[in-house]
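Trainee: Sharing structure.txt below, compact mmCIF, C-alpha atoms:
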```txt
# COMPACT_ATOMS: atom_id res chain seq x y z
CA MET V 264 103.89 90.24 135.62
CA GLN V 265 102.40 91.40 138.92
CA SER V 266 103.07 94.70 140.67
CA GLN V 267 101.81 96.58 143.71
CA LYS V 268 100.39 99.34 141.58
CA PRO V 269 99.10 98.59 138.06
CA VAL V 270 101.11 100.10 135.21
CA VAL V 271 98.25 99.99 132.72
CA THR V 272 94.60 100.98 132.50
CA VAL V 273 92.21 99.45 130.01
CA LEU V 274 89.65 102.07 128.97
CA THR V 275 86.20 101.36 127.54
CA THR V 276 83.71 104.15 126.89
CA VAL V 277 80.14 102.92 126.67
CA TYR V 278 76.98 104.30 125.11
CA ASN V 279 74.25 101.67 125.28
CA GLY V 280 76.46 98.86 123.94
CA LEU V 281 74.33 95.80 124.57
CA PRO V 282 74.43 93.01 123.45
CA PHE V 283 78.17 93.07 122.51
CA LEU V 284 79.41 94.69 125.72
CA LYS V 285 79.58 91.37 127.58
CA GLU V 286 82.13 89.94 125.13
CA ALA V 287 84.24 93.10 125.38
CA ILE V 288 84.34 93.07 129.19
CA ASP V 289 84.86 89.32 129.47
CA SER V 290 87.71 89.40 126.95
CA THR V 291 89.45 92.00 129.13
CA LEU V 292 88.95 90.31 132.47
CA ASN V 293 90.21 86.99 131.04
CA GLN V 294 93.54 88.33 129.79
CA SER V 295 96.80 86.44 130.42
CA PHE V 296 98.10 89.67 132.00
CA THR V 297 95.98 90.29 135.10
CA ASP V 298 97.47 93.28 136.90
CA PHE V 299 95.56 96.23 135.44
CA GLU V 300 92.79 98.69 136.19
CA TYR V 301 89.72 98.50 133.98
CA LEU V 302 88.07 101.90 133.69
CA ILE V 303 84.59 101.77 132.16
CA ILE V 304 82.74 105.05 131.63
CA ASP V 305 79.08 105.01 130.67
CA ASP V 306 78.38 108.17 128.68
CA ALA V 307 74.84 108.65 130.06
CA SER V 308 73.32 105.73 128.16
CA PRO V 309 69.53 105.99 127.84
CA ASP V 310 69.35 102.22 128.31
CA GLU V 311 69.32 101.69 132.10
CA LYS V 312 70.21 98.03 131.58
CA VAL V 313 73.76 99.04 130.60
CA ALA V 314 74.75 100.41 134.02
CA ASN V 315 73.03 97.52 135.79
CA PHE V 316 74.91 95.04 133.62
CA ILE V 317 78.32 96.61 134.29
CA GLU V 318 77.62 96.82 138.03
CA SER V 319 76.79 93.10 138.05
CA TYR V 320 80.50 92.29 137.67
CA ASP V 321 82.31 91.56 140.92
CA ASP V 322 85.92 92.25 139.99
CA ARG V 323 88.20 94.59 141.95
CA ARG V 324 89.94 95.72 138.74
CA ILE V 325 86.79 97.38 137.39
CA ARG V 326 86.32 101.08 138.08
CA PHE V 327 82.91 102.14 136.83
CA ILE V 328 81.93 105.78 136.29
CA ARG V 329 78.71 107.09 134.83
CA ASN V 330 78.51 110.51 133.18
CA GLU V 331 75.56 112.61 134.32
CA ASN V 332 75.24 114.08 130.82
CA ASN V 333 76.27 112.75 127.44
CA LEU V 334 79.72 114.16 126.61
CA GLY V 335 80.53 112.26 123.43
CA VAL V 336 83.47 109.94 122.80
CA SER V 337 86.25 112.56 122.69
CA GLU V 338 85.29 114.40 125.86
CA THR V 339 84.68 111.13 127.70
CA ILE V 340 88.15 109.87 126.77
CA ASN V 341 89.68 113.20 127.81
CA LYS V 342 87.82 112.94 131.11
CA ALA V 343 89.28 109.46 131.55
CA LEU V 344 92.81 110.72 130.85
CA ASN V 345 92.51 113.08 133.80
CA LEU V 346 91.41 110.21 136.04
CA ILE V 347 93.99 107.63 134.96
CA GLU V 348 97.16 107.37 137.04
CA THR V 349 98.89 104.49 135.26
CA THR V 350 101.84 104.79 132.88
CA TYR V 351 100.04 103.17 129.96
CA VAL V 352 96.52 103.06 128.58
CA ILE V 353 94.93 100.43 126.34
CA ARG V 354 91.72 101.34 124.59
CA LEU V 355 88.88 98.90 123.90
CA ASP V 356 85.64 99.79 122.13
CA GLN V 357 82.41 98.46 123.59
CA ASP V 358 81.70 96.00 120.78
CA ASP V 359 85.22 94.63 120.16
CA ILE V 360 87.01 91.62 121.63
CA ASN V 361 90.51 91.50 123.12
CA LEU V 362 92.53 88.43 122.23
CA PRO V 363 94.13 86.79 125.32
CA ASP V 364 97.68 88.23 125.15
CA ARG V 365 96.88 91.78 124.05
CA ILE V 366 97.61 93.55 127.34
CA LYS V 367 100.72 91.49 128.05
CA ASP V 368 102.23 92.06 124.62
CA GLN V 369 101.36 95.74 124.31
CA VAL V 370 102.63 96.64 127.79
CA SER V 371 105.80 94.64 127.19
CA TYR V 372 106.41 96.43 123.88
CA LEU V 373 106.01 99.89 125.42
CA GLN V 374 108.32 98.96 128.30
CA LYS V 375 111.01 97.69 125.93
CA ASN V 376 110.70 100.63 123.50
CA PRO V 377 110.71 103.90 125.48
CA ASP V 378 110.85 105.95 122.26
CA ILE V 379 107.40 104.69 121.17
CA SER V 380 104.47 106.82 122.35
CA ILE V 381 101.54 105.22 120.54
CA LEU V 382 100.96 101.82 118.98
CA CYS V 383 98.38 99.38 117.71
CA SER V 384 98.32 95.73 116.64
CA TRP V 385 97.10 93.60 113.79
CA GLN V 386 93.34 93.07 113.86
CA GLU V 387 90.71 90.68 112.63
CA MET V 388 87.36 92.12 111.52
CA ILE V 389 84.25 90.19 112.54
CA ASP V 390 80.54 90.57 111.83
CA ASP V 391 77.57 90.56 114.22
CA ASN V 392 77.84 86.79 114.59
CA GLY V 393 81.56 86.78 115.29
CA ARG V 394 82.52 85.47 111.85
CA LYS V 395 85.83 86.75 110.49
CA VAL V 396 85.25 88.92 107.41
CA ASN V 397 88.63 90.60 106.95
CA THR V 398 92.02 91.31 108.50
CA TRP V 399 94.20 94.40 108.97
CA ARG V 400 97.99 93.99 108.82
CA LYS V 401 100.40 96.90 108.39
CA ARG V 402 103.84 97.86 109.65
CA ILE V 403 105.62 101.01 110.80
CA ASN V 404 109.40 100.61 110.72
CA ASN V 405 110.38 104.23 111.34
CA TYR V 406 109.02 107.75 111.69
CA GLY V 407 108.88 108.26 107.93
CA GLU V 408 106.40 105.40 107.68
CA PHE V 409 104.32 107.04 110.43
CA LEU V 410 104.17 110.45 108.73
CA ALA V 411 103.71 109.39 105.09
CA PRO V 412 100.18 107.91 105.36
CA VAL V 413 99.00 111.05 107.19
CA LEU V 414 100.07 113.18 104.21
CA LEU V 415 98.19 110.78 101.94
CA GLY V 416 95.02 111.15 104.01
CA ILE V 417 95.24 107.69 105.60
CA CYS V 418 95.42 106.98 109.32
CA PRO V 419 98.53 104.82 109.94
CA ILE V 420 97.37 103.68 113.39
CA ILE V 421 94.13 101.73 113.73
CA HIS V 422 92.57 102.87 116.99
CA PRO V 423 90.45 99.92 118.14
CA SER V 424 93.71 98.20 119.22
CA LEU V 425 95.30 101.44 120.45
CA ALA V 426 97.78 101.63 123.33
CA PHE V 427 99.75 104.67 124.42
CA ARG V 428 101.84 106.36 127.09
CA THR V 429 99.50 108.42 129.26
CA GLU V 430 101.98 111.27 129.71
CA ASP V 431 102.59 111.66 125.97
CA MET V 432 98.88 111.61 125.21
CA LEU V 433 98.25 114.36 127.76
CA LYS V 434 101.16 116.44 126.43
CA SER V 435 99.80 116.13 122.92
CA GLY V 436 96.40 117.43 124.05
CA GLY V 437 94.19 114.35 123.93
CA PHE V 438 91.21 114.05 121.60
CA LYS V 439 89.69 117.07 119.83
CA PRO V 440 85.87 117.11 119.68
CA ASP V 441 86.04 119.63 116.79
CA TYR V 442 86.93 116.70 114.51
CA VAL V 443 83.91 114.53 115.28
CA ARG V 444 83.79 111.23 113.34
CA ALA V 445 87.55 111.41 112.69
CA GLU V 446 88.98 112.28 116.10
CA ASP V 447 91.22 109.22 115.93
CA PHE V 448 92.85 110.35 112.69
CA GLU V 449 93.26 113.93 113.93
CA LEU V 450 95.01 112.72 117.09
CA THR V 451 97.29 110.43 115.09
CA ALA V 452 98.13 113.17 112.59
CA ARG V 453 98.87 115.63 115.39
CA MET V 454 101.19 113.19 117.17
CA ALA V 455 102.97 112.45 113.90
CA LEU V 456 103.48 116.16 113.19
CA GLU V 457 104.70 116.71 116.76
CA ARG V 458 107.39 114.09 116.10
CA TYR V 459 106.15 111.33 118.38
CA ASN V 460 107.04 107.80 117.30
CA ALA V 461 104.55 105.01 116.62
CA ALA V 462 104.63 101.26 116.08
CA ILE V 463 102.43 98.38 114.99
CA ILE V 464 102.88 95.07 116.80
CA PRO V 465 102.83 92.28 114.17
CA LYS V 466 100.44 90.07 116.13
CA TYR V 467 96.67 89.73 116.13
CA HIS V 468 95.46 91.25 119.39
CA LEU V 469 91.88 92.27 118.63
CA GLU V 470 88.68 91.25 116.91
CA GLN V 471 87.04 94.44 115.66
CA ARG V 472 83.32 94.19 115.11
CA TYR V 473 82.01 95.78 111.96
CA HIS V 474 78.23 96.01 111.76
CA PRO V 475 75.57 98.39 110.39
CA GLY V 476 75.37 100.26 113.69
CA SER V 477 79.09 101.02 113.89
CA GLN V 478 80.21 104.64 113.49
CA SER V 479 82.47 103.88 110.53
CA HIS V 480 79.51 102.39 108.68
CA GLU V 481 76.81 104.86 109.66
CA PHE V 482 78.78 108.10 109.22
CA SER V 483 81.19 107.16 106.44
CA GLU V 484 80.63 110.28 104.30
CA GLU V 485 80.97 112.68 107.23
CA GLN V 486 84.05 110.81 108.38
CA LYS V 487 85.58 111.14 104.92
CA SER V 488 84.97 114.90 104.83
CA VAL V 489 86.60 115.47 108.21
CA SER V 490 89.51 113.19 107.29
CA ASN V 491 90.12 115.26 104.15
CA ARG V 492 90.25 118.39 106.30
CA ILE V 493 92.79 116.77 108.63
CA GLN V 494 95.00 115.74 105.71
CA THR V 495 94.93 119.25 104.25
CA GLU V 496 95.84 120.77 107.61
CA ALA V 497 98.73 118.32 107.95
CA ILE V 498 100.10 119.18 104.50
CA SER V 499 99.72 122.90 105.28
CA GLN V 500 102.43 122.48 107.92
CA PHE V 501 104.86 122.28 105.00
CA ILE V 502 103.32 124.41 102.21
CA ASP V 503 100.74 127.22 101.97
CA TYR V 504 97.19 126.23 102.90
CA GLU V 505 95.77 127.04 99.45
CA ASP V 506 98.41 124.85 97.82
CA ALA V 507 97.79 122.17 100.45
CA GLN V 508 94.13 122.02 99.39
CA LYS V 509 95.18 121.33 95.81
CA LEU V 510 97.85 118.79 96.70
CA SER V 511 95.73 116.91 99.24
CA SER V 512 93.15 116.01 96.57
CA PHE V 513 95.91 114.92 94.20
CA LEU V 514 97.48 112.71 96.88
CA ARG V 515 94.09 111.13 97.65
CA LEU V 516 93.66 110.20 93.97
CA GLU V 517 90.33 111.95 94.33
CA LYS V 518 87.82 111.27 91.54
CA GLY V 519 86.68 114.86 91.37
CA TYR V 520 90.13 115.86 90.16
CA LYS V 521 90.48 113.16 87.52
CA SER V 522 89.70 115.58 84.69
CA ASN V 523 92.76 117.63 85.68
CA ILE V 524 94.96 114.58 85.19
CA PHE V 525 94.80 115.24 81.43
CA ASP V 526 96.22 118.73 81.94
CA LYS V 527 100.02 118.83 81.68
CA LYS V 528 100.20 122.18 83.47
CA TYR V 529 98.24 120.77 86.42
CA LEU V 530 100.47 117.71 86.68
CA LEU V 531 103.62 119.83 86.63
CA GLU V 532 102.16 122.04 89.35
CA MET V 533 101.31 119.03 91.54
CA HIS V 534 104.80 117.62 91.08
CA ASP V 535 106.38 120.91 92.15
CA LEU V 536 104.12 121.14 95.21
CA LEU V 537 104.91 117.54 96.14
CA ILE V 538 108.67 118.14 95.93
CA LEU V 539 108.31 121.32 98.00
CA MET V 540 106.29 119.48 100.64
CA LEU V 541 108.87 116.69 100.85
CA ARG V 542 111.79 119.10 101.13
CA ASN V 543 110.11 121.14 103.84
CA ALA V 544 109.06 117.99 105.71
CA GLU V 545 112.66 116.74 105.63
CA ARG V 546 113.89 120.00 107.11
CA LYS V 547 111.11 120.74 109.59
CA GLN V 548 110.77 117.18 110.91
CA GLN V 549 114.54 116.63 110.85
CA LEU V 550 114.23 113.36 108.93
CA ASN V 551 117.26 111.13 108.72
CA ASN V 552 118.09 109.27 105.51
CA ASP V 553 116.09 106.15 106.37
CA GLU V 554 113.04 108.17 107.42
CA LEU V 555 113.13 110.32 104.30
CA SER V 556 113.57 107.26 102.09
CA SER V 557 110.57 105.58 103.74
CA LEU V 558 108.45 108.72 103.42
CA LYS V 559 109.15 109.01 99.69
CA ARG V 560 108.77 105.28 99.05
CA ILE V 561 105.28 105.12 100.55
CA ILE V 562 104.09 108.25 98.76
CA TYR V 563 105.43 107.14 95.37
CA LEU V 564 104.03 103.62 95.81
CA ARG V 565 100.65 105.21 96.39
CA LEU V 566 100.84 107.65 93.48
CA GLY V 567 102.68 105.45 91.01
CA LEU V 568 105.90 106.06 89.13
CA GLY V 569 104.28 108.66 86.89
CA VAL V 570 104.84 111.37 89.50
CA TYR V 571 108.41 110.22 90.00
CA VAL V 572 109.32 110.43 86.29
CA ILE V 573 107.59 113.77 85.57
CA PRO V 574 110.97 115.61 85.45
CA VAL V 575 112.01 113.28 82.60
CA LEU V 576 108.69 113.53 80.76
CA LYS V 577 108.13 117.27 81.04
CA TYR V 578 109.87 118.09 77.75
CA LEU V 579 107.43 115.92 75.77
CA PRO V 580 104.35 117.31 74.01
CA SER V 581 101.24 117.32 76.18
CA PHE V 582 99.60 114.24 74.62
CA PHE V 583 102.67 112.02 75.07
CA PHE V 584 103.41 113.50 78.49
CA VAL V 585 99.93 112.70 79.85
CA SER V 586 99.80 109.28 78.18
CA LEU V 587 103.09 108.17 79.72
CA PHE V 588 102.14 109.64 83.08
CA LEU V 589 98.95 107.54 83.14
CA LEU V 590 100.90 104.48 82.02
CA PHE V 591 103.22 104.80 85.01
CA SER V 592 100.48 105.99 87.44
CA PRO V 593 97.43 103.96 86.37
CA LEU V 594 95.39 104.66 89.51
CA TYR V 595 94.70 108.13 88.11
CA SER V 596 92.94 106.69 85.06
CA ASN V 597 89.24 105.81 85.33
CA LYS V 598 89.42 103.29 82.51
CA ILE V 599 92.10 101.04 83.96
CA HIS V 600 91.64 101.89 87.64
CA LYS V 601 89.67 98.74 88.44
CA VAL V 602 92.16 96.47 86.71
CA VAL V 603 95.22 97.64 88.63
CA SER V 604 93.68 98.70 91.95
CA ARG V 605 93.88 95.19 93.39
CA VAL V 606 97.61 95.13 92.77
CA TYR V 607 98.13 98.59 94.26
CA ASN V 608 96.05 97.75 97.32
CA VAL V 609 98.95 95.63 98.49
CA PHE V 610 100.76 98.90 99.20
CA LYS V 611 97.75 100.83 100.45
CA PHE V 612 98.00 102.26 104.00
```
Please lay out the structure from this file as structure tokens.
Mentor:
Amino acid sequence: MQSQKPVVTVLTTVYNGLPFLKEAIDSTLNQSFTDFEYLIIDDASPDEKVANFIESYDDRRIRFIRNENNLGVSETINKALNLIETTYVIRLDQDDINLPDRIKDQVSYLQKNPDISILCSWQEMIDDNGRKVNTWRKRINNYGEFLAPVLLGICPIIHPSLAFRTEDMLKSGGFKPDYVRAEDFELTARMALERYNAAIIPKYHLEQRYHPGSQSHEFSEEQKSVSNRIQTEAISQFIDYEDAQKLSSFLRLEKGYKSNIFDKKYLLEMHDLLILMLRNAERKQQLNNDELSSLKRIIYLRLGLGVYVIPVLKYLPSFFFVSLFLLFSPLYSNKIHKVVSRVYNVFKF
């Protein structure tokens, strides 16, 4: 798969990054697909060894740029987008490892599916020593399965194995620094709401390193707070913002709202807001039958059948109403949450 001009750029933004940077760069340069540009931007690392290390590579595909001042991840990626001239971009974090066929498979998928703007792949999670500690495997079969997790407060695309069409990313506005720690989720939510299509390639293409110094580990609480804000803003595209704040917590199964679960009036209100959101999403996003069915299926799998059967239960006295609701939606109950959560995690996005 050779061409005169590369069709894809691999992008790695770097801030310090040693000692894992070598594995990231080597895993890119040793890909089965060889015709690409590799743009590496050092975001003004204090460690001078980083720039010296990158410059030690003698490979024509590498284009190395060093920021004079630290811009942060979002602004550095946006800077890169204005420098990139290829049709596609593949992102690689400085401490992750590309598996050999990642570029070939992701480029091929985008070329064969012109309706797909953004995609990722299955991933293996590794520790500091390269030992596999977990895996990530999900699917997106249609637009409804792209939108539904966003409304639940879950990012449907995992960004370490991200690939996208450069033009669509620029049209969508790139990364927003206002959502620091959750810029990836905000971008994904925005593209979903703007009706772009996404996909997940059902192959392992990346080893994602999870260690104490990683952003997801170090800033988990801040990341959660910003993610909650993004979810609420997404829901507010379909219902009033004040109602979106209420519904977003309900859809997250948030512990702080568990006491309200024993309030019949609250449950009826949440059901009505959920139905209103789904109806407005169907109309505004112009969902076809398959997309709407997928959207509802994912949301009800997450919430449990209790929400689905509320219209049948609503004529019962409060005690029986709440008891049956918790029976059909056990994730809302503190007492039996731990018992059933492992089963429900099969459907978690």
Trainee: Hey, what's within 12 Å of Pro282 (chain V) if we count all atoms listed in the file and toss same-chain stuff fewer than 4 positions away? As a PyMOL selection string, please?
Mentor: chain V and resi 277-278+286-288+310+312-313+316+357-359+391-392
Trainee: For Leu334 (chain V), find every residue with an atom within 10 Å (counting only C-alpha atoms), except residues of its own chain fewer than 6 positions away, and show them as a compact mmCIF listing (two decimals) with C-alpha atoms, in the frame of the given file.
Mentor:
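Final output, result05.txt:
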```txt
# COMPACT_ATOMS: atom_id res chain seq x y z
CA ASP V 306 78.38 108.17 128.68
CA ALA V 307 74.84 108.65 130.06
CA ILE V 340 88.15 109.87 126.77
CA LYS V 342 87.82 112.94 131.11
CA PRO V 440 85.87 117.11 119.68
```
Trainee: For each of V:Ser581, V:Asn404, V:Thr398, V:Gln500, take the minimum atom-to-atom distance to Leu558 (chain V), counting only C-alpha atoms, then give the residue where this is smallest.
Mentor: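 Nearest candidate to Leu558 (chain V) out of V:Ser581, V:Asn404, V:Thr398, V:Gln500: V:Asn404.
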Trainee: Work out how far CA of Ala452 (chain V) is from CA of Phe438 (chain V), in Å to one decimal.
Mentor: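 Between CA of Phe438 (chain V) and CA of Ala452 (chain V) the gap works out to 11.4 Å.
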Trainee: So that each row is one residue of region 392-464 of chain V with an atom at most 10 Å from region 562-574 of chain V, can you give its shortest atom pair and the distance in Å to one decimal, using all atoms listed in the file, rows by chain and rising number, as CSV?
Mentor:
```
residue,atom,partner,partner_atom,distance
V:Glu408,CA,V:Ile562,CA,9.6
V:Ala411,CA,V:Ile562,CA,6.4
V:Pro412,CA,V:Ile562,CA,7.7
V:Leu414,CA,V:Ile562,CA,8.4
V:Leu415,CA,V:Ile562,CA,7.2
```
Trainee: Measuring atom to atom with all atoms listed in the file, identify which of V:Asp441, V:Glu532, V:Glu430, V:Glu449 is nearest to Phe513 (chain V).
Mentor: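 The answer is V:Glu532, which sits nearest to Phe513 (chain V).
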